[in-house]
Amino acid sequence: MATTALREKFQDLYFGDSPEARRFRYGLVGFDIATIAVFLLSPFGGHQPWMIALDLAIGILLSVEFAARLWVQRRPLRHLFTLSSAADLIVILSLLLPVFLENLAFLRIARALRLLRSYHLLRDLRHDSEWFRRNEDIIQRTVNLGVFIFIVTSVVFVTQHHINPNIATYIDALYFTITTLTTTGFGDITLTGPGGRLLAVIIMVVGVGLFLRLLQAIFRPNKVRFECPSCALLVHDLDAVHCKHCGIVLQIPNEGI
């Protein structure tokens, strides 16, 4: 009975609508942001014993949270084989087994993307924050862009760190990634070996395509959020005069630019 009650308590925290449940989910987001910040600063700490202990502590906390999340799922096996769960497991292993997988710890940033895309978290933010409701599309696209950049940086670091003296830290890999994705190409850092050149070509192609599309989605979106007063359709073209679903005339506020 005690186990059942505890499981129901955790189910309410993860999926419930109470203020306590919302605070719990916001706490998870805060924890993810803190782990990302720690990771961004960790290259400056070197391989000190306290850094190893901190990684181990974060790995244990992530393991406990992952086990609790899996425990409260109605279909735990189905949840286990999702992409977000696979990313979490990689992060946990990279923290608990740093000798073998230390470089992949950078993928913990994907955890923040999973939480932000959670239906329950989005519902909480829409309910609690008018600012988030007004800027939801821009926030999600900005997070997508940030995660994309840091995952590409992770691939660069993992593949080049041990063979390229120019990629000594994640900052070096991030610098190369940004200059390549933006097609700036200073040339002071280059990737070595056939695999490195092939990776650079892939990053350049993606930079012209996906990266620029993500930037455009943030600064020049082609859709606007405005609830149709008749059918409640929420997303429309920027220059829409009529609702595509019901045909009613829309009065979308704009600056006339």
# chains A, B, ... in the order shown; residues from 1 in each chain; ligands from 1
$ residues_around --residues "Asn166 (chain A)" --least-positions-apart "2" --cutoff "9 Å" --atoms "only C-alpha atoms" --output "ChimeraX atom specification"
/A:160-161,164,168-169,172-173,188-191
$ residues_around --residues "region 72-77 of chain A" --least-positions-apart "3" --cutoff "12 Å" --atoms "only C-alpha atoms" --output "list in words"
Thr3, Thr4, Ala5, Leu6, Arg7, Glu8, Lys9, Phe10, Gln11, Asp12, Leu13, Tyr14, Phe15, Gly16, Glu65, Phe66, Ala67, Ala68, Arg69, Leu80, Phe81, Thr82 and Ser85 of chain A
$ write_last_selection --atoms "N, CA and C atoms" --output "PDB file, in the first residue's frame"
ATOM      1  N   THR A   3       3.867   1.548  -1.178  1.00  0.00           N
ATOM      2  CA  THR A   3       4.484   1.688  -2.493  1.00  0.00           C
ATOM      3  C   THR A   3       3.493   2.280  -3.492  1.00  0.00           C
ATOM      4  N   THR A   4       2.250   1.817  -3.443  1.00  0.00           N
ATOM      5  CA  THR A   4       1.214   2.334  -4.342  1.00  0.00           C
ATOM      6  C   THR A   4       0.963   3.806  -4.094  1.00  0.00           C
ATOM      7  N   ALA A   5       0.893   4.182  -2.826  1.00  0.00           N
ATOM      8  CA  ALA A   5       0.665   5.594  -2.486  1.00  0.00           C
ATOM      9  C   ALA A   5       1.827   6.466  -2.957  1.00  0.00           C
ATOM     10  N   LEU A   6       3.058   5.949  -2.805  1.00  0.00           N
ATOM     11  CA  LEU A   6       4.234   6.714  -3.241  1.00  0.00           C
ATOM     12  C   LEU A   6       4.234   6.874  -4.758  1.00  0.00           C
ATOM     13  N   ARG A   7       3.855   5.809  -5.451  1.00  0.00           N
ATOM     14  CA  ARG A   7       3.811   5.878  -6.918  1.00  0.00           C
ATOM     15  C   ARG A   7       2.750   6.881  -7.380  1.00  0.00           C
ATOM     16  N   GLU A   8       1.609   6.870  -6.720  1.00  0.00           N
ATOM     17  CA  GLU A   8       0.558   7.827  -7.069  1.00  0.00           C
ATOM     18  C   GLU A   8       1.010   9.262  -6.784  1.00  0.00           C
ATOM     19  N   LYS A   9       1.780   9.439  -5.721  1.00  0.00           N
ATOM     20  CA  LYS A   9       2.295  10.760  -5.388  1.00  0.00           C
ATOM     21  C   LYS A   9       3.217  11.264  -6.493  1.00  0.00           C
ATOM     22  N   PHE A  10       4.115  10.399  -6.950  1.00  0.00           N
ATOM     23  CA  PHE A  10       5.038  10.791  -8.007  1.00  0.00           C
ATOM     24  C   PHE A  10       4.315  10.989  -9.332  1.00  0.00           C
ATOM     25  N   GLN A  11       3.296  10.197  -9.603  1.00  0.00           N
ATOM     26  CA  GLN A  11       2.509  10.396 -10.825  1.00  0.00           C
ATOM     27  C   GLN A  11       1.854  11.772 -10.817  1.00  0.00           C
ATOM     28  N   ASP A  12       1.370  12.193  -9.644  1.00  0.00           N
ATOM     29  CA  ASP A  12       0.768  13.517  -9.541  1.00  0.00           C
ATOM     30  C   ASP A  12       1.817  14.606  -9.760  1.00  0.00           C
ATOM     31  N   LEU A  13       3.038  14.382  -9.260  1.00  0.00           N
ATOM     32  CA  LEU A  13       4.087  15.380  -9.440  1.00  0.00           C
ATOM     33  C   LEU A  13       4.475  15.517 -10.909  1.00  0.00           C
ATOM     34  N   TYR A  14       4.543  14.402 -11.617  1.00  0.00           N
ATOM     35  CA  TYR A  14       4.969  14.434 -13.020  1.00  0.00           C
ATOM     36  C   TYR A  14       3.842  14.842 -13.967  1.00  0.00           C
ATOM     37  N   PHE A  15       2.613  14.467 -13.655  1.00  0.00           N
ATOM     38  CA  PHE A  15       1.526  14.653 -14.617  1.00  0.00           C
ATOM     39  C   PHE A  15       0.352  15.467 -14.079  1.00  0.00           C
ATOM     40  N   GLY A  16       0.354  15.835 -12.798  1.00  0.00           N
ATOM     41  CA  GLY A  16      -0.794  16.490 -12.191  1.00  0.00           C
ATOM     42  C   GLY A  16      -0.888  17.972 -12.518  1.00  0.00           C
ATOM     43  N   GLU A  65      16.289  10.347 -10.909  1.00  0.00           N
ATOM     44  CA  GLU A  65      15.157  10.996 -11.568  1.00  0.00           C
ATOM     45  C   GLU A  65      14.666  10.173 -12.749  1.00  0.00           C
ATOM     46  N   PHE A  66      15.592   9.597 -13.512  1.00  0.00           N
ATOM     47  CA  PHE A  66      15.213   8.778 -14.660  1.00  0.00           C
ATOM     48  C   PHE A  66      14.449   7.530 -14.206  1.00  0.00           C
ATOM     49  N   ALA A  67      14.937   6.900 -13.125  1.00  0.00           N
ATOM     50  CA  ALA A  67      14.259   5.716 -12.604  1.00  0.00           C
ATOM     51  C   ALA A  67      12.867   6.063 -12.097  1.00  0.00           C
ATOM     52  N   ALA A  68      12.734   7.217 -11.417  1.00  0.00           N
ATOM     53  CA  ALA A  68      11.417   7.637 -10.916  1.00  0.00           C
ATOM     54  C   ALA A  68      10.470   7.922 -12.075  1.00  0.00           C
ATOM     55  N   ARG A  69      10.967   8.579 -13.115  1.00  0.00           N
ATOM     56  CA  ARG A  69      10.127   8.895 -14.273  1.00  0.00           C
ATOM     57  C   ARG A  69       9.675   7.630 -14.986  1.00  0.00           C
ATOM     58  N   LEU A  80      10.879   3.732 -22.328  1.00  0.00           N
ATOM     59  CA  LEU A  80      12.310   3.440 -22.281  1.00  0.00           C
ATOM     60  C   LEU A  80      12.946   3.511 -23.656  1.00  0.00           C
ATOM     61  N   PHE A  81      12.186   3.144 -24.690  1.00  0.00           N
ATOM     62  CA  PHE A  81      12.742   3.090 -26.039  1.00  0.00           C
ATOM     63  C   PHE A  81      12.438   4.355 -26.850  1.00  0.00           C
ATOM     64  N   THR A  82      12.211   5.470 -26.165  1.00  0.00           N
ATOM     65  CA  THR A  82      12.036   6.738 -26.860  1.00  0.00           C
ATOM     66  C   THR A  82      13.395   7.423 -27.025  1.00  0.00           C
ATOM     67  N   SER A  85      14.667   9.157 -23.822  1.00  0.00           N
ATOM     68  CA  SER A  85      15.222   8.227 -22.836  1.00  0.00           C
ATOM     69  C   SER A  85      16.611   7.764 -23.237  1.00  0.00           C
TER      70      SER A  85
END
$ atom_distance --atom1 "CA of Leu96 (chain A)" --atom2 "CA of Val64 (chain A)"
12.7 Å
$ closest_residue --among "A:Leu181, A:Phe186, A:Leu95, A:Asn144" --to "Gly207 (chain A)" --atoms "only C-alpha atoms"
A:Leu181
